[in-house]
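Trainee: For reference, the structure I am asking about is given below.
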Amino acid sequence: MNMTDLLTLAGKTYSSRLLVGTGKYKDFDETRAAIEASGAEIVTVAIRRTNIGQNPGEPNLLDILSPEKYTILPNTAGCHTAEDAVRTCRLARELLNGHQLVKLEVLANDHTLYPNVVETLKAAEVLVKDGFDVMVYTSDDPIIAKRLEEIGCVAVMPLGSLIGSGLGIVNPYNLRIIIDQAKVPVLVDAGVGTASDAAYAMELGCEAILMNTAIAKAGNPILMASAMKKAIEAGREAFLAGRMERKIFGSASSPITGKFF
């Protein structure tokens, strides 16, 4: 990884541009091994579904993913109202000794897992005023994405496609608009299915990608984690390099002037 090209979130820098979830693995051993293979430095945890200390006596995820090694990103998965999301973030802050960085996610329903942007906006306003550093999952609507930035979110995270769908980037044009107008990092959150999806999102100019299902539900999660790491690095380098101009007609690879015969 190019150590001069770092991701900055809420004033902290990271060498990896892959953020990973901790759900859907068969056990904690597989979780740990896949996350290590991914090279991720930020791991997101669904506070409503994962024990990080709120249930004494039960296995604690932090026993295998130490906050000293990883930045823990509590998320509000499973929340359907602004009130529930705010309450969940405040619980996470208590459990993690004042931790301020959170991923806000307010869902419209459990069928599509599409974001409820009205409730998301309400929750974002409360959380930012309450001192949280909010990374926010949202639709690929450029107007909503810009409004969330204006509220004060530290990163905007439009979906590539529906959570867990594996459909990849279904609307690259809206994503490009969001990226071009943003003054905060834009991360694709949801929908990535395989390494080519991750590379494509990075080539579009995303700062990073957050994923879970694409790794956890792969045939070999540890190998897929490694593939995603490489895809994101390749996509980022391709974006920085700048792709060649698209042309309608062919163009010879070698010059045709000064031919010998």
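Following the order of the structure tokens, first chain is A, next is B, and so on, with residues numbered from 1 inside each chain and ligands from 1 in the order they appear.
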Name all residues at most 12 Å from stretch 26-38 of chain A (count only C-alpha atoms; drop same-chain ones fewer than 5 positions away) and give them as JSON, numbers by chain.

Mentor: {"A": [16, 17, 18, 19, 20, 21, 43, 44, 45, 50, 51, 59, 60, 61, 62, 63, 64, 65, 66, 69, 70, 195, 209, 210, 211, 212, 213, 214, 215, 216, 217, 218, 219, 220, 221, 222, 223, 224, 225, 226, 227, 228, 229, 230, 231, 232, 233]}

Trainee: May I have the residues within 12 Å of A:Ala92 as an MDAnalysis selection string, using only C-alpha atoms and disregarding those fewer than 5 positions away in the same chain?

Mentor: chainID A and resid 44:48 50:54 72:76 85:87 97:104 132

Trainee: Would you mind exporting N, CA, C and O atoms of the selected residues as a JSON list (two decimals), in the first residue's frame?

Mentor:
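Once everything was written out, this is again_12.json:
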[["chain", "number", "residue", "atom", "x", "y", "z"],
["A", 44, "THR", "N", -16.64, -2.61, 11.36],
["A", 44, "THR", "CA", -17.92, -2.11, 11.82],
["A", 44, "THR", "C", -18.70, -3.20, 12.54],
["A", 44, "THR", "O", -18.65, -4.38, 12.16],
["A", 45, "VAL", "N", -19.40, -2.80, 13.59],
["A", 45, "VAL", "CA", -20.09, -3.74, 14.47],
["A", 45, "VAL", "C", -21.54, -3.27, 14.66],
["A", 45, "VAL", "O", -21.77, -2.12, 15.02],
["A", 46, "ALA", "N", -22.48, -4.18, 14.41],
["A", 46, "ALA", "CA", -23.90, -3.87, 14.63],
["A", 46, "ALA", "C", -24.19, -3.99, 16.12],
["A", 46, "ALA", "O", -24.23, -5.09, 16.67],
["A", 47, "ILE", "N", -24.39, -2.87, 16.76],
["A", 47, "ILE", "CA", -24.56, -2.84, 18.22],
["A", 47, "ILE", "C", -25.78, -3.62, 18.65],
["A", 47, "ILE", "O", -25.81, -4.25, 19.72],
["A", 48, "ARG", "N", -26.83, -3.65, 17.83],
["A", 48, "ARG", "CA", -28.05, -4.36, 18.21],
["A", 48, "ARG", "C", -27.94, -5.87, 18.04],
["A", 48, "ARG", "O", -28.79, -6.60, 18.51],
["A", 50, "THR", "N", -24.58, -7.63, 17.98],
["A", 50, "THR", "CA", -23.27, -8.17, 18.36],
["A", 50, "THR", "C", -22.92, -7.72, 19.77],
["A", 50, "THR", "O", -23.07, -6.54, 20.10],
["A", 51, "ASN", "N", -22.43, -8.64, 20.56],
["A", 51, "ASN", "CA", -22.04, -8.31, 21.93],
["A", 51, "ASN", "C", -20.64, -7.71, 21.97],
["A", 51, "ASN", "O", -19.66, -8.35, 21.57],
["A", 52, "ILE", "N", -20.55, -6.48, 22.45],
["A", 52, "ILE", "CA", -19.25, -5.86, 22.69],
["A", 52, "ILE", "C", -19.13, -5.44, 24.15],
["A", 52, "ILE", "O", -18.40, -4.52, 24.48],
["A", 53, "GLY", "N", -19.90, -6.14, 24.98],
["A", 53, "GLY", "CA", -19.85, -5.86, 26.41],
["A", 53, "GLY", "C", -21.19, -5.62, 27.06],
["A", 53, "GLY", "O", -21.31, -5.62, 28.29],
["A", 54, "GLN", "N", -22.23, -5.40, 26.23],
["A", 54, "GLN", "CA", -23.54, -5.13, 26.80],
["A", 54, "GLN", "C", -24.22, -6.38, 27.37],
["A", 54, "GLN", "O", -25.17, -6.28, 28.13],
["A", 72, "ILE", "N", -12.89, 0.49, 15.94],
["A", 72, "ILE", "CA", -14.22, -0.11, 15.97],
["A", 72, "ILE", "C", -15.23, 0.93, 15.53],
["A", 72, "ILE", "O", -15.26, 2.05, 16.06],
["A", 73, "LEU", "N", -16.04, 0.56, 14.53],
["A", 73, "LEU", "CA", -17.04, 1.48, 14.00],
["A", 73, "LEU", "C", -18.43, 0.95, 14.34],
["A", 73, "LEU", "O", -18.98, 0.10, 13.63],
["A", 74, "PRO", "N", -19.01, 1.39, 15.46],
["A", 74, "PRO", "CA", -20.35, 0.93, 15.81],
["A", 74, "PRO", "C", -21.35, 1.39, 14.76],
["A", 74, "PRO", "O", -21.27, 2.52, 14.26],
["A", 75, "ASN", "N", -22.29, 0.52, 14.41],
["A", 75, "ASN", "CA", -23.32, 0.93, 13.45],
["A", 75, "ASN", "C", -24.71, 0.65, 14.00],
["A", 75, "ASN", "O", -24.88, -0.12, 14.94],
["A", 76, "THR", "N", -25.68, 1.30, 13.39],
["A", 76, "THR", "CA", -27.05, 1.23, 13.88],
["A", 76, "THR", "C", -27.92, 0.31, 13.02],
["A", 76, "THR", "O", -29.12, 0.55, 12.86],
["A", 85, "ALA", "N", -31.88, 4.98, 16.32],
["A", 85, "ALA", "CA", -30.50, 5.13, 15.87],
["A", 85, "ALA", "C", -29.69, 5.98, 16.85],
["A", 85, "ALA", "O", -28.55, 5.65, 17.18],
["A", 86, "VAL", "N", -30.26, 7.07, 17.29],
["A", 86, "VAL", "CA", -29.57, 7.94, 18.25],
["A", 86, "VAL", "C", -29.32, 7.20, 19.55],
["A", 86, "VAL", "O", -28.22, 7.26, 20.12],
["A", 87, "ARG", "N", -30.32, 6.48, 20.03],
["A", 87, "ARG", "CA", -30.17, 5.71, 21.27],
["A", 87, "ARG", "C", -29.05, 4.66, 21.14],
["A", 87, "ARG", "O", -28.25, 4.47, 22.05],
["A", 97, "ASN", "N", -16.21, 3.63, 25.84],
["A", 97, "ASN", "CA", -15.47, 4.65, 26.61],
["A", 97, "ASN", "C", -15.39, 5.99, 25.89],
["A", 97, "ASN", "O", -14.31, 6.58, 25.74],
["A", 98, "GLY", "N", -16.51, 6.47, 25.42],
["A", 98, "GLY", "CA", -16.56, 7.80, 24.82],
["A", 98, "GLY", "C", -16.26, 7.84, 23.34],
["A", 98, "GLY", "O", -16.11, 8.94, 22.77],
["A", 99, "HIS", "N", -16.19, 6.70, 22.69],
["A", 99, "HIS", "CA", -15.90, 6.61, 21.25],
["A", 99, "HIS", "C", -16.92, 7.43, 20.45],
["A", 99, "HIS", "O", -18.12, 7.28, 20.63],
["A", 100, "GLN", "N", -16.44, 8.27, 19.55],
["A", 100, "GLN", "CA", -17.32, 9.21, 18.84],
["A", 100, "GLN", "C", -17.63, 8.81, 17.40],
["A", 100, "GLN", "O", -18.60, 9.29, 16.82],
["A", 101, "LEU", "N", -16.80, 7.96, 16.79],
["A", 101, "LEU", "CA", -17.00, 7.61, 15.39],
["A", 101, "LEU", "C", -18.06, 6.53, 15.27],
["A", 101, "LEU", "O", -17.93, 5.45, 15.85],
["A", 102, "VAL", "N", -19.12, 6.80, 14.50],
["A", 102, "VAL", "CA", -20.22, 5.84, 14.34],
["A", 102, "VAL", "C", -20.65, 5.80, 12.88],
["A", 102, "VAL", "O", -20.46, 6.74, 12.11],
["A", 103, "LYS", "N", -21.26, 4.67, 12.52],
["A", 103, "LYS", "CA", -21.90, 4.56, 11.22],
["A", 103, "LYS", "C", -23.41, 4.61, 11.43],
["A", 103, "LYS", "O", -23.99, 3.75, 12.09],
["A", 104, "LEU", "N", -24.04, 5.63, 10.86],
["A", 104, "LEU", "CA", -25.48, 5.80, 10.96],
["A", 104, "LEU", "C", -26.17, 5.07, 9.82],
["A", 104, "LEU", "O", -25.84, 5.28, 8.64],
["A", 132, "PHE", "N", -20.96, 13.47, 17.85],
["A", 132, "PHE", "CA", -20.52, 12.27, 17.16],
["A", 132, "PHE", "C", -19.88, 12.62, 15.81],
["A", 132, "PHE", "O", -20.23, 13.61, 15.17]]

Trainee: For a quick check of understanding, using only C-alpha atoms, which of A:Cys206, A:Ala108, A:Ala145, A:Val126 has the smallest distance to A:Gly235?

Mentor: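 That would be A:Cys206, the residue with the smallest distance to A:Gly235.
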
Trainee: With only C-alpha atoms as the counted atoms, please give the residues lying no more than 12 Å from A:His111, apart from itself and same-chain residues fewer than 3 positions off, as a ChimeraX atom specification.

Mentor: /A:78,107-108,114-115,162-165

Trainee: Measuring between only C-alpha atoms, which one of A:Ala201, A:Ala208, A:Leu240, A:Ile248 shows the shortest distance to A:Tyr14?

Mentor: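 Result for the nearest residue to A:Tyr14: A:Ala208.
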
Trainee: Output as number ranges by chain all residues of stretch 12-255 of chain A that backbone DSSP marks as strand (DSSP E).

Mentor: A: 12-14, 18-21, 42-46, 71-75, 101-104, 133-138, 155-158, 187-189, 208-211

Trainee: Under the rule that only C-alpha atoms are counted, which of A:Pro56, A:Gly39, A:Gly193, A:Gly205 is the nearest residue to A:Ala241?

Mentor: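 Counting only C-alpha atoms, the residue closest to A:Ala241 is A:Gly205.
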
Trainee: What is the atom CA of A:Leu121-atom CA of A:Arg90 distance in Å, reported with one decimal?

Mentor: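 Between these atoms lies a distance of 17.1 Å.
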
Trainee: Could you jot down the atom CA of A:Glu58 to atom CA of A:Leu113 separation for me, Å, one decimal place?

Mentor: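 For atom CA of A:Glu58 relative to atom CA of A:Leu113, the distance reads 28.0 Å.
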